[in-house]
>>> print(open('input_31.cif').read())   # mmCIF, C-alpha atoms and all ligand atoms
data_my_file
loop_
_atom_site.label_atom_id
_atom_site.label_comp_id
_atom_site.auth_asym_id
_atom_site.auth_seq_id
_atom_site.Cartn_x
_atom_site.Cartn_y
_atom_site.Cartn_z
CA MET J 5 -17.00 -0.92 -7.20
CA THR J 6 -13.98 -2.03 -5.20
CA LYS J 7 -11.84 -4.99 -6.20
CA VAL J 8 -9.71 -6.64 -3.52
CA THR J 9 -7.09 -9.21 -4.50
CA VAL J 10 -5.60 -11.62 -1.96
CA LEU J 11 -2.20 -13.08 -2.92
CA GLY J 12 -1.60 -16.28 -0.94
CA ALA J 13 -5.36 -16.74 -0.57
CA ALA J 14 -5.38 -20.51 0.00
CA GLY J 15 -3.12 -20.35 3.06
CA GLY J 16 -3.81 -20.33 6.78
CA ILE J 17 -4.39 -16.57 6.81
CA GLY J 18 -5.59 -16.23 3.23
CA GLN J 19 -8.67 -18.45 3.61
CA PRO J 20 -10.28 -16.90 6.72
CA LEU J 21 -9.26 -13.40 5.57
CA SER J 22 -11.00 -14.03 2.24
CA LEU J 23 -14.09 -15.25 4.09
CA LEU J 24 -14.23 -12.02 6.10
CA LEU J 25 -13.71 -9.96 2.94
CA LYS J 26 -16.57 -11.87 1.27
CA MET J 27 -18.80 -10.54 4.06
CA SER J 28 -17.84 -6.89 3.48
CA PRO J 29 -20.48 -4.67 1.88
CA TYR J 30 -17.69 -2.49 0.45
CA VAL J 31 -16.10 -5.24 -1.67
CA SER J 32 -17.68 -5.87 -5.07
CA ARG J 33 -15.01 -8.14 -6.55
CA LEU J 34 -12.83 -10.51 -4.59
CA ALA J 35 -9.95 -12.13 -6.49
CA LEU J 36 -8.09 -15.03 -4.87
CA TYR J 37 -4.63 -16.01 -6.08
CA ASP J 38 -2.25 -18.68 -4.83
CA LEU J 39 0.22 -21.18 -6.23
CA ARG J 40 -2.30 -23.89 -5.32
CA LEU J 41 -5.99 -24.31 -4.55
CA ALA J 42 -7.19 -20.73 -5.04
CA PRO J 43 -9.92 -21.64 -7.58
CA GLY J 44 -11.28 -24.22 -5.11
CA VAL J 45 -11.33 -21.79 -2.20
CA ALA J 46 -12.97 -19.16 -4.42
CA ARG J 47 -15.64 -21.60 -5.66
CA ASP J 48 -16.48 -22.41 -2.05
CA LEU J 49 -16.74 -18.70 -1.08
CA SER J 50 -18.66 -17.87 -4.26
CA HIS J 51 -21.69 -19.78 -2.91
CA ILE J 52 -22.05 -17.28 -0.05
CA ASN J 53 -25.05 -15.01 -0.59
CA THR J 54 -23.30 -11.64 -0.23
CA ASN J 55 -23.05 -9.20 -3.12
CA SER J 56 -19.40 -9.52 -4.09
CA LYS J 57 -18.27 -11.77 -6.92
CA CYS J 58 -15.47 -14.09 -5.88
CA THR J 59 -13.09 -15.60 -8.46
CA GLY J 60 -10.03 -17.83 -8.03
CA TYR J 61 -6.84 -17.76 -10.11
CA ASP J 62 -4.19 -20.43 -10.71
CA LYS J 63 -0.48 -19.77 -10.47
CA ASP J 64 -0.13 -18.69 -14.12
CA GLU J 65 -3.04 -16.22 -13.80
CA LEU J 66 -1.46 -13.53 -11.59
CA ARG J 67 -2.10 -10.82 -14.16
CA GLU J 68 -5.84 -11.60 -14.31
CA ALA J 69 -6.06 -11.75 -10.51
CA LEU J 70 -4.48 -8.29 -10.18
CA ASP J 71 -6.09 -6.58 -13.14
CA GLY J 72 -7.85 -3.41 -11.90
CA ALA J 73 -7.45 -4.22 -8.19
CA HIS J 74 -7.91 -1.32 -5.77
CA ILE J 75 -6.45 -3.14 -2.77
CA VAL J 76 -3.93 -6.00 -2.87
CA VAL J 77 -3.34 -7.94 0.36
CA ILE J 78 -0.23 -10.15 0.53
CA PRO J 79 -0.15 -12.99 3.07
CA ALA J 80 1.87 -15.17 0.61
CA GLY J 81 4.94 -16.83 2.05
CA VAL J 82 6.14 -19.30 4.62
CA PRO J 83 5.24 -19.11 8.34
CA ARG J 84 7.49 -19.86 11.32
CA LYS J 85 8.02 -23.15 13.10
CA PRO J 86 9.03 -23.39 16.80
CA GLY J 87 12.61 -22.20 17.36
CA MET J 88 12.61 -19.89 14.32
CA THR J 89 12.64 -16.10 14.32
CA ARG J 90 10.68 -14.08 11.78
CA ASP J 91 14.01 -13.05 10.30
CA ASP J 92 14.66 -16.73 9.44
CA LEU J 93 11.81 -16.41 6.90
CA PHE J 94 13.50 -13.57 5.05
CA LYS J 95 15.40 -15.70 2.52
CA ILE J 96 12.20 -17.21 1.07
CA ASN J 97 9.64 -14.47 1.71
CA ALA J 98 11.69 -11.51 0.46
CA GLY J 99 11.78 -12.99 -3.05
CA ILE J 100 8.06 -13.85 -2.96
CA VAL J 101 7.11 -10.31 -1.87
CA ALA J 102 9.42 -8.65 -4.42
CA ASN J 103 7.87 -10.68 -7.29
CA LEU J 104 4.27 -10.12 -6.20
CA VAL J 105 4.79 -6.39 -5.63
CA SER J 106 6.44 -5.98 -8.99
CA ALA J 107 3.48 -7.75 -10.68
CA THR J 108 1.08 -5.51 -8.73
CA ALA J 109 2.88 -2.41 -10.00
CA LYS J 110 2.44 -3.65 -13.57
CA TYR J 111 -1.16 -4.89 -13.47
CA ALA J 112 -2.77 -2.84 -10.70
CA PRO J 113 -0.69 0.38 -10.64
CA SER J 114 -3.04 2.35 -8.40
CA ALA J 115 -3.63 -0.40 -5.82
CA ARG J 116 -2.88 -0.02 -2.14
CA ILE J 117 -0.44 -2.80 -1.25
CA LEU J 118 -0.83 -4.37 2.20
CA VAL J 119 2.07 -6.59 3.25
CA ILE J 120 1.37 -9.30 5.83
CA SER J 121 4.24 -11.70 4.92
CA ASN J 122 7.02 -11.81 7.51
CA PRO J 123 9.43 -10.43 8.48
CA VAL J 124 7.33 -7.27 8.01
CA ASN J 125 10.22 -5.06 9.25
CA SER J 126 12.15 -6.18 6.15
CA THR J 127 9.47 -7.20 3.61
CA VAL J 128 7.93 -3.70 3.59
CA PRO J 129 11.33 -2.17 2.69
CA VAL J 130 11.62 -4.92 0.04
CA ALA J 131 8.23 -3.86 -1.37
CA CYS J 132 9.04 -0.13 -1.34
CA GLU J 133 12.54 -0.54 -2.77
CA THR J 134 11.15 -2.76 -5.54
CA LEU J 135 8.68 -0.04 -6.48
CA LYS J 136 11.36 2.66 -6.23
CA LYS J 137 13.56 0.65 -8.59
CA MET J 138 10.67 0.43 -11.05
CA GLY J 139 10.15 4.20 -10.72
CA VAL J 140 6.55 3.83 -9.53
CA PHE J 141 6.78 4.15 -5.74
CA GLN J 142 3.83 5.91 -4.07
CA PRO J 143 4.63 5.93 -0.31
CA GLY J 144 1.01 6.36 0.82
CA LYS J 145 -0.02 3.15 -0.93
CA VAL J 146 2.32 0.65 0.77
CA MET J 147 1.47 -0.50 4.29
CA GLY J 148 2.87 -3.22 6.49
CA VAL J 149 0.04 -4.79 8.46
CA THR J 150 0.79 -4.64 12.21
CA THR J 151 -2.81 -4.70 13.42
CA LEU J 152 -2.38 -8.07 15.14
CA ASP J 153 -0.07 -6.38 17.66
CA VAL J 154 -2.82 -3.87 18.44
CA VAL J 155 -5.43 -6.62 18.80
CA ARG J 156 -3.13 -8.49 21.19
CA ALA J 157 -2.20 -5.35 23.13
CA GLN J 158 -5.89 -4.65 23.76
CA THR J 159 -6.78 -8.24 24.67
CA PHE J 160 -3.80 -8.73 26.99
CA LEU J 161 -4.32 -5.35 28.71
CA SER J 162 -7.81 -6.37 29.64
CA ASP J 163 -6.54 -9.81 30.75
CA SER J 164 -3.80 -8.24 32.90
CA LEU J 165 -6.10 -5.78 34.64
CA GLY J 166 -8.94 -8.23 35.14
CA ALA J 167 -11.30 -8.85 32.24
CA ASP J 168 -14.31 -8.54 34.58
CA HIS J 169 -13.64 -4.86 35.15
CA TYR J 170 -11.90 -3.87 31.95
CA SER J 171 -13.63 -5.28 28.89
CA ARG J 172 -11.49 -6.08 25.86
CA GLU J 173 -13.71 -3.88 23.73
CA SER J 174 -13.16 -0.82 25.96
CA MET J 175 -9.36 -1.25 25.78
CA LYS J 176 -9.47 -0.05 22.15
CA ARG J 177 -9.30 3.55 23.34
CA HIS J 178 -6.45 3.02 25.75
CA VAL J 179 -3.64 1.29 23.91
CA THR J 180 -1.82 1.44 20.60
CA VAL J 181 1.35 -0.18 19.28
CA VAL J 182 4.22 1.50 17.43
CA GLY J 183 7.66 0.51 16.11
CA GLY J 184 7.94 -2.69 14.12
CA HIS J 185 6.51 -6.20 14.02
CA SER J 186 9.03 -8.45 15.72
CA GLY J 187 9.98 -9.03 19.38
CA THR J 188 11.36 -5.93 21.04
CA THR J 189 10.67 -3.74 18.00
CA ILE J 190 6.98 -4.05 19.00
CA VAL J 191 6.28 -1.15 21.40
CA PRO J 192 2.86 -1.15 23.10
CA ILE J 193 1.83 2.28 24.37
CA VAL J 194 -0.76 2.42 27.12
CA THR J 195 -2.10 5.88 26.38
CA ASP J 196 -4.22 6.16 29.53
CA PRO J 197 -1.83 7.09 32.41
CA LYS J 198 -4.23 5.68 35.04
CA LEU J 199 -4.19 2.24 33.42
CA ARG J 200 -0.42 2.40 32.99
CA SER J 201 0.03 3.22 36.71
CA LYS J 202 -2.27 0.32 37.61
CA LEU J 203 -0.07 -2.07 35.62
CA VAL J 204 3.10 -0.67 37.19
CA SER J 205 1.77 -0.63 40.76
CA ARG J 206 0.59 -4.22 40.45
CA ARG J 207 4.00 -5.19 38.99
CA LEU J 208 2.32 -6.37 35.81
CA TYR J 209 3.86 -3.91 33.35
CA ASP J 210 6.90 -5.99 32.29
CA SER J 211 4.97 -9.22 31.83
CA TYR J 212 2.27 -7.36 29.86
CA ILE J 213 4.79 -5.78 27.47
CA HIS J 214 6.62 -9.09 27.07
CA ARG J 215 3.42 -10.93 26.21
CA VAL J 216 2.50 -8.43 23.49
CA GLN J 217 6.03 -8.46 22.06
CA PHE J 218 6.25 -12.24 22.01
CA GLY J 219 2.58 -13.13 21.44
CA GLY J 220 3.50 -14.56 18.03
CA ASP J 221 5.87 -17.09 19.66
CA GLU J 222 3.08 -18.17 22.02
CA VAL J 223 0.96 -19.23 19.02
CA VAL J 224 3.88 -20.77 17.09
CA GLU J 225 4.74 -22.95 20.13
CA ALA J 226 1.12 -23.94 20.72
CA LYS J 227 0.65 -24.97 17.07
CA GLN J 228 3.62 -27.36 17.40
CA GLY J 229 5.13 -26.88 13.96
CA ALA J 230 1.86 -26.43 12.06
CA GLY J 231 2.39 -22.69 11.49
CA SER J 232 1.76 -19.39 13.23
CA ALA J 233 -1.23 -17.16 13.97
CA THR J 234 -3.80 -17.45 11.19
CA LEU J 235 -7.30 -16.83 12.60
CA SER J 236 -6.43 -13.87 14.84
CA MET J 237 -4.30 -12.53 11.97
CA ALA J 238 -7.19 -12.89 9.52
CA LEU J 239 -9.38 -10.86 11.87
CA ALA J 240 -6.66 -8.25 12.39
CA GLY J 241 -5.94 -8.07 8.66
CA PHE J 242 -9.63 -7.68 7.95
CA GLN J 243 -9.88 -4.83 10.48
CA PHE J 244 -7.12 -3.03 8.63
CA VAL J 245 -8.56 -3.62 5.14
CA ASP J 246 -11.97 -2.58 6.46
CA GLN J 247 -10.49 0.74 7.62
CA ILE J 248 -9.16 1.34 4.10
CA LEU J 249 -12.47 0.35 2.52
CA ARG J 250 -14.34 2.74 4.84
CA SER J 251 -12.00 5.55 3.96
CA ILE J 252 -12.70 4.89 0.28
CA HIS J 253 -16.47 4.52 0.61
CA LEU J 254 -17.56 6.78 3.49
CA GLU J 255 -17.43 10.55 3.57
CA LYS J 256 -16.70 10.55 7.30
CA PRO J 257 -15.06 7.23 8.14
CA ASP J 258 -16.14 6.18 11.63
CA VAL J 259 -12.91 4.48 12.71
CA ALA J 260 -10.03 5.34 15.05
CA PRO J 261 -6.66 5.38 13.23
CA LEU J 262 -4.84 2.03 13.31
CA PRO J 263 -1.06 1.83 13.05
CA ALA J 264 0.69 0.62 9.89
CA PHE J 265 4.38 0.08 9.09
CA VAL J 266 5.13 2.74 6.48
CA TYR J 267 7.89 4.67 4.70
CA LEU J 268 8.25 7.81 6.81
CA PRO J 269 10.05 10.25 4.48
CA GLY J 270 7.29 10.04 1.86
CA ILE J 271 4.33 10.82 4.12
CA GLU J 272 3.26 14.04 5.88
CA GLY J 273 4.48 14.04 9.46
CA GLY J 274 6.97 11.23 8.75
CA LYS J 275 10.18 13.25 8.65
CA GLU J 276 9.01 15.16 11.71
CA LEU J 277 8.49 11.88 13.54
CA GLN J 278 11.94 10.65 12.47
CA SER J 279 13.50 13.80 13.86
CA LYS J 280 11.49 13.66 17.11
CA LEU J 281 12.60 10.05 17.53
CA ASN J 282 16.12 11.03 16.56
CA THR J 283 16.40 8.00 14.29
CA ARG J 284 17.63 7.28 10.79
CA ALA J 285 15.10 4.40 10.51
CA GLU J 286 12.99 5.25 7.46
CA TYR J 287 10.21 2.79 8.21
CA PHE J 288 8.13 2.74 11.37
CA ALA J 289 4.67 1.61 12.50
CA ALA J 290 2.53 4.44 13.86
CA PRO J 291 -1.17 5.34 13.71
CA VAL J 292 -1.93 6.64 10.22
CA GLU J 293 -4.55 8.93 8.77
CA LEU J 294 -6.17 7.69 5.59
CA LEU J 295 -7.79 9.61 2.78
CA ARG J 296 -9.60 7.71 0.04
CA GLY J 297 -7.69 4.57 1.00
CA ASP J 298 -4.17 6.06 0.99
CA VAL J 299 -2.02 6.98 3.97
CA VAL J 300 -1.80 10.77 4.00
CA LYS J 301 -0.46 11.56 7.46
CA ILE J 302 1.43 9.97 10.33
CA ASP J 303 0.01 10.65 13.77
CA SER J 304 2.60 11.38 16.46
CA GLN J 305 0.25 12.40 19.30
CA TRP J 306 1.12 9.17 21.07
CA LEU J 307 4.67 10.54 21.57
CA GLU J 308 3.33 13.04 24.09
CA LYS J 309 1.77 10.27 26.15
CA LEU J 310 4.89 8.18 26.68
CA GLY J 311 5.88 7.13 30.18
CA ASP J 312 9.54 6.51 31.13
CA LEU J 313 9.18 2.76 30.63
CA GLU J 314 7.74 3.26 27.14
CA LYS J 315 10.59 5.63 26.24
CA LYS J 316 13.01 2.85 27.19
CA SER J 317 11.16 0.29 25.05
CA LEU J 318 11.22 2.71 22.13
CA ALA J 319 15.00 3.15 22.40
CA VAL J 320 15.48 -0.63 22.29
CA CYS J 321 13.12 -0.88 19.31
CA LEU J 322 14.95 1.77 17.28
CA GLY J 323 18.30 0.10 17.90
CA GLU J 324 17.08 -3.10 16.22
CA LEU J 325 14.65 -1.83 13.62
CA ASP J 326 17.14 -0.19 11.29
CA THR J 327 19.12 -3.44 10.92
CA ASN J 328 15.93 -5.19 9.72
CA ILE J 329 15.16 -2.31 7.36
CA GLN J 330 18.64 -2.25 5.83
CA LYS J 331 18.41 -6.00 5.20
CA GLY J 332 15.29 -5.46 3.08
CA ARG J 333 16.81 -2.52 1.22
CA ARG J 334 20.04 -4.36 0.46
CA PHE J 335 18.10 -7.37 -0.87
CA VAL J 336 16.56 -5.26 -3.63
CA GLN J 337 19.56 -3.04 -4.26
CA SER J 338 21.88 -6.05 -4.67
CA LYS J 339 19.69 -7.53 -7.42
CA LEU J 340 20.62 -6.43 -10.94
N1 LIG W 401 1.94 -9.40 9.76
C1 LIG W 401 1.54 -10.21 10.71
O1 LIG W 401 1.12 -9.77 11.79
C2 LIG W 401 1.53 -11.70 10.48
C3 LIG W 401 0.77 -12.52 11.32
C4 LIG W 401 0.75 -13.89 11.07
C5 LIG W 401 1.49 -14.42 10.02
N2 LIG W 401 2.21 -13.58 9.22
C6 LIG W 401 2.98 -14.10 8.07
O2 LIG W 401 2.08 -14.33 6.99
C7 LIG W 401 2.65 -15.30 6.10
C8 LIG W 401 1.62 -16.37 5.74
O3 LIG W 401 1.25 -17.11 6.88
P1 LIG W 401 0.21 -18.34 6.74
O4 LIG W 401 0.04 -18.88 8.10
O5 LIG W 401 -0.97 -17.93 5.96
O6 LIG W 401 1.09 -19.37 5.88
P2 LIG W 401 0.56 -20.57 4.95
O7 LIG W 401 1.74 -21.40 4.60
O8 LIG W 401 -0.59 -21.24 5.61
O9 LIG W 401 0.00 -19.83 3.66
C9 LIG W 401 0.83 -19.14 2.79
C10 LIG W 401 0.26 -19.29 1.40
O10 LIG W 401 1.08 -18.52 0.51
C11 LIG W 401 1.13 -19.25 -0.70
N3 LIG W 401 2.27 -18.78 -1.50
C12 LIG W 401 3.59 -19.01 -1.33
N4 LIG W 401 4.29 -18.42 -2.31
C13 LIG W 401 3.40 -17.77 -3.09
C14 LIG W 401 3.51 -16.97 -4.25
N5 LIG W 401 4.69 -16.70 -4.83
N6 LIG W 401 2.38 -16.49 -4.80
C15 LIG W 401 1.17 -16.73 -4.23
N7 LIG W 401 1.00 -17.48 -3.12
C16 LIG W 401 2.11 -18.00 -2.56
C17 LIG W 401 1.22 -20.70 -0.29
O11 LIG W 401 0.87 -21.56 -1.36
C18 LIG W 401 0.25 -20.74 0.88
O12 LIG W 401 -1.06 -21.09 0.45
C19 LIG W 401 3.88 -15.83 6.83
O13 LIG W 401 5.03 -15.21 6.33
C20 LIG W 401 3.66 -15.44 8.27
O14 LIG W 401 4.85 -15.30 8.99
C21 LIG W 401 2.24 -12.24 9.44
O1 LIG W 402 4.80 -14.90 14.98
C1 LIG W 402 4.75 -15.11 13.78
O2 LIG W 402 5.65 -15.65 13.15
C2 LIG W 402 3.51 -14.70 13.03
C3 LIG W 402 3.07 -13.30 13.30
O3 LIG W 402 4.06 -12.36 12.98
C4 LIG W 402 2.53 -13.09 14.68
O4 LIG W 402 2.84 -12.07 15.29
O5 LIG W 402 1.74 -13.93 15.16
#
>>> encode(input="input_31.cif", output="structure tokens", more="lines below")
Ligand SMILES: NC(=O)c1ccc[n+]([C@@H]2O[C@H](COP(=O)([O-])OP(=O)(O)OC[C@H]3O[C@@H](n4cnc5c(N)ncnc54)[C@H](O)[C@@H]3O)[C@@H](O)[C@H]2O)c1
Ligand SMILES: O=C(O)C[C@H](O)C(=O)O
Amino acid sequence: MTKVTVLGAAGGIGQPLSLLLKMSPYVSRLALYDLRLAPGVARDLSHINTNSKCTGYDKDELREALDGAHIVVIPAGVPRKPGMTRDDLFKINAGIVANLVSATAKYAPSARILVISNPVNSTVPVACETLKKMGVFQPGKVMGVTTLDVVRAQTFLSDSLGADHYSRESMKRHVTVVGGHSGTTIVPIVTDPKLRSKLVSRRLYDSYIHRVQFGGDEVVEAKQGAGSATLSMALAGFQFVDQILRSIHLEKPDVAPLPAFVYLPGIEGGKELQSKLNTRAEYFAAPVELLRGDVVKIDSQWLEKLGDLEKKSLAVCLGELDTNIQKGRRFVQSKL
């Protein structure tokens, strides 16, 4: 029996993500919460002939939506419009995330909390600091969802090298993304040196990295003010939740570790990674090992595969990331 609650379930991401979750054999109860429309979306999904029971909750029913949840996914908040940065969303989304995380701590204290709301580099610190303040912080249970960067990195690598020869599916083994989830804090790592050399020798490396780092802007511009990535994000978010579900339900989960944006000092391998990176940044996205749905270890094998260009990107990332992190921390610490 696994209950998944989606907070912000009637939105552009929330609806398709909930549809994908309704298809999962590992979900037995799916609870949809939003300030508007969640009962309607849930009624629609509840007609689908998969085994999970789907229920919608109105804005004054947050407690019921969260009660007993094992996984809480948070895509609640405002998306960007053209000309905005993710950081411009902080003012509104930080408060939304803080309130929803604090309710989760009260009504679903053992849930894994997956933060999608932007700016992830700051909203994850907001979530963790909120839990710390409440005295209930469990570092392995809070994850910023950065999977869309990985999905893009794989798709664009195949596009850059020629999709006829390098299928998008096969790129899964050859690229990961670390750092944060915003512009130059996004650091794609091509782990296969042969593919990296191909990109460099064909002078495609810079444009490839730029496209992954600014893929979000591409969608925001194309949607002309109607929001940001929703469908690709729903798929990416589902891939991440699915990995957690598999780690809960399967003895030997058959998935390669995906990165997540996590609190390094509280997780095995985290402090080591901080010291190898020579950074004071306490939050970072790196491939994580899961055990029964919680993050138990940070993988730093990718560090050994860095080329000179990737080392440079990482230095730029670390310079910016800590500013985003401190903004999230200060937001919670400044509240009484
Ligand atoms: N992590 C990522 O990779 C990634 C990718 C895409 C978008 N995002 C972010 O996800 C967020 C949502 O994007 P979207 O396109 O779904 O936006 P949207 O506006 O379509 O949907 C957001 C939903 O959240 C709801 N909401 C707002 N405040 C709420 C609250 N307090 N409680 C419950 N629900 C609340 C709204 O009613 C709305 O239905 C944005 O912040 C966006 O920037 C993150
Ligand atoms: O770009 C955005 O604002 C949404 C999301 O973070 C994305 O990467 O598509």
>>> closest_residue(input="input_31.cif", among="J:Pro113, J:Pro269, J:Pro257, J:Gly16", to="ligand LIG 402 (chain W)", atoms="all atoms listed in the file")
J:Gly16
>>> axis_aligned_box(input="input_31.cif", around="ligand LIG 401 (chain W)", padding_each_side="4 Å", output="JSON")
{"center_x": 2.0, "center_y": -15.5, "center_z": 3.5, "size_x": 14.1, "size_y": 20.2, "size_z": 24.6}
>>> closest_residue(input="input_31.cif", among="J:Pro86, J:Ser22, J:Leu199, J:Val191", to="Met175 in chain J", atoms="all atoms listed in the file")
J:Leu199
>>> closest_atom_pairs(input="input_31.cif", of="chain J", to="ligand LIG 401 (chain W)", cutoff="7 Å", atoms="all atoms listed in the file", output="Markdown table")
| residue | atom | partner | partner_atom | distance |
| --- | --- | --- | --- | --- |
| J:Leu11 | CA | W:LIG401 | C15 | 5.1 |
| J:Gly12 | CA | W:LIG401 | N7 | 3.6 |
| J:Ala13 | CA | W:LIG401 | O12 | 6.2 |
| J:Ala14 | CA | W:LIG401 | O12 | 4.4 |
| J:Gly15 | CA | W:LIG401 | O9 | 3.2 |
| J:Gly16 | CA | W:LIG401 | O8 | 3.5 |
| J:Ile17 | CA | W:LIG401 | O5 | 3.8 |
| J:Gly18 | CA | W:LIG401 | O5 | 5.6 |
| J:Tyr37 | CA | W:LIG401 | C15 | 6.1 |
| J:Asp38 | CA | W:LIG401 | N7 | 3.9 |
| J:Leu39 | CA | W:LIG401 | N7 | 4.9 |
| J:Arg40 | CA | W:LIG401 | O11 | 5.6 |
| J:Pro79 | CA | W:LIG401 | C8 | 4.7 |
| J:Ala80 | CA | W:LIG401 | O10 | 3.4 |
| J:Gly81 | CA | W:LIG401 | C12 | 4.2 |
| J:Val82 | CA | W:LIG401 | O13 | 4.6 |
| J:Pro83 | CA | W:LIG401 | C19 | 3.9 |
| J:Arg84 | CA | W:LIG401 | O14 | 5.8 |
| J:Arg90 | CA | W:LIG401 | O14 | 6.6 |
| J:Leu93 | CA | W:LIG401 | O13 | 6.9 |
| J:Asn97 | CA | W:LIG401 | O13 | 6.6 |
| J:Ile100 | CA | W:LIG401 | N5 | 4.8 |
| J:Leu104 | CA | W:LIG401 | N5 | 6.7 |
| J:Ile120 | CA | W:LIG401 | N1 | 4.0 |
| J:Ser121 | CA | W:LIG401 | O13 | 3.9 |
| J:Asn122 | CA | W:LIG401 | O13 | 4.1 |
| J:Pro123 | CA | W:LIG401 | O14 | 6.7 |
| J:Val124 | CA | W:LIG401 | N1 | 6.1 |
| J:Val149 | CA | W:LIG401 | N1 | 5.2 |
| J:Thr150 | CA | W:LIG401 | O1 | 5.2 |
| J:Thr151 | CA | W:LIG401 | O1 | 6.6 |
| J:Leu152 | CA | W:LIG401 | O1 | 5.1 |
| J:Asp153 | CA | W:LIG401 | O1 | 6.9 |
| J:His185 | CA | W:LIG401 | O1 | 6.8 |
| J:Gly231 | CA | W:LIG401 | O4 | 5.6 |
| J:Ser232 | CA | W:LIG401 | O4 | 5.4 |
| J:Ala233 | CA | W:LIG401 | C4 | 4.8 |
| J:Thr234 | CA | W:LIG401 | O4 | 5.1 |
| J:Met237 | CA | W:LIG401 | C3 | 5.1 |
>>> atom_distance(input="input_31.cif", atom1="CA of Leu25 in chain J", atom2="CA of Ser236 in chain J")
14.5 Å
>>> closest_residue(input="input_31.cif", among="J:Ile271, J:Val8, J:Leu322, J:Leu239", to="ligand LIG 402 (chain W)", atoms="only C-alpha atoms and all ligand atoms")
J:Leu239
>>> decode(input="input_31.cif", residues="range 16-31 of chain J", atoms="N, CA and C atoms", output="PDB file, in the first residue's frame")
ATOM      1  N   GLY J  16      -0.441  22.769 -14.550  1.00  0.00           N
ATOM      2  CA  GLY J  16       0.112  22.276 -15.805  1.00  0.00           C
ATOM      3  C   GLY J  16       0.966  21.033 -15.631  1.00  0.00           C
ATOM      4  N   ILE J  17       1.732  20.958 -14.559  1.00  0.00           N
ATOM      5  CA  ILE J  17       2.517  19.750 -14.276  1.00  0.00           C
ATOM      6  C   ILE J  17       1.653  18.744 -13.521  1.00  0.00           C
ATOM      7  N   GLY J  18       0.911  19.253 -12.533  1.00  0.00           N
ATOM      8  CA  GLY J  18       0.161  18.377 -11.631  1.00  0.00           C
ATOM      9  C   GLY J  18      -0.769  17.414 -12.359  1.00  0.00           C
ATOM     10  N   GLN J  19      -1.467  17.896 -13.383  1.00  0.00           N
ATOM     11  CA  GLN J  19      -2.446  17.018 -14.056  1.00  0.00           C
ATOM     12  C   GLN J  19      -1.783  15.853 -14.808  1.00  0.00           C
ATOM     13  N   PRO J  20      -0.834  16.139 -15.744  1.00  0.00           N
ATOM     14  CA  PRO J  20      -0.221  14.982 -16.423  1.00  0.00           C
ATOM     15  C   PRO J  20       0.600  14.104 -15.488  1.00  0.00           C
ATOM     16  N   LEU J  21       1.208  14.691 -14.457  1.00  0.00           N
ATOM     17  CA  LEU J  21       1.970  13.882 -13.486  1.00  0.00           C
ATOM     18  C   LEU J  21       1.012  12.935 -12.750  1.00  0.00           C
ATOM     19  N   SER J  22      -0.147  13.447 -12.390  1.00  0.00           N
ATOM     20  CA  SER J  22      -1.131  12.602 -11.694  1.00  0.00           C
ATOM     21  C   SER J  22      -1.633  11.482 -12.611  1.00  0.00           C
ATOM     22  N   LEU J  23      -1.783  11.802 -13.883  1.00  0.00           N
ATOM     23  CA  LEU J  23      -2.194  10.766 -14.847  1.00  0.00           C
ATOM     24  C   LEU J  23      -1.152   9.640 -14.887  1.00  0.00           C
ATOM     25  N   LEU J  24       0.121  10.023 -14.969  1.00  0.00           N
ATOM     26  CA  LEU J  24       1.178   8.997 -15.014  1.00  0.00           C
ATOM     27  C   LEU J  24       1.198   8.194 -13.718  1.00  0.00           C
ATOM     28  N   LEU J  25       0.985   8.870 -12.595  1.00  0.00           N
ATOM     29  CA  LEU J  25       0.981   8.156 -11.304  1.00  0.00           C
ATOM     30  C   LEU J  25      -0.211   7.210 -11.208  1.00  0.00           C
ATOM     31  N   LYS J  26      -1.321   7.583 -11.858  1.00  0.00           N
ATOM     32  CA  LYS J  26      -2.513   6.711 -11.844  1.00  0.00           C
ATOM     33  C   LYS J  26      -2.221   5.401 -12.580  1.00  0.00           C
ATOM     34  N   MET J  27      -1.240   5.456 -13.492  1.00  0.00           N
ATOM     35  CA  MET J  27      -0.887   4.255 -14.269  1.00  0.00           C
ATOM     36  C   MET J  27       0.097   3.354 -13.526  1.00  0.00           C
ATOM     37  N   SER J  28       0.667   3.836 -12.419  1.00  0.00           N
ATOM     38  CA  SER J  28       1.720   3.052 -11.752  1.00  0.00           C
ATOM     39  C   SER J  28       1.146   1.895 -10.939  1.00  0.00           C
ATOM     40  N   PRO J  29       1.707   0.703 -11.124  1.00  0.00           N
ATOM     41  CA  PRO J  29       1.235  -0.444 -10.341  1.00  0.00           C
ATOM     42  C   PRO J  29       1.650  -0.350  -8.869  1.00  0.00           C
ATOM     43  N   TYR J  30       2.592   0.555  -8.557  1.00  0.00           N
ATOM     44  CA  TYR J  30       3.086   0.649  -7.178  1.00  0.00           C
ATOM     45  C   TYR J  30       2.281   1.627  -6.317  1.00  0.00           C
ATOM     46  N   VAL J  31       1.378   2.378  -6.948  1.00  0.00           N
ATOM     47  CA  VAL J  31       0.589   3.360  -6.189  1.00  0.00           C
ATOM     48  C   VAL J  31      -0.774   2.753  -5.882  1.00  0.00           C
TER      49      VAL J  31
END
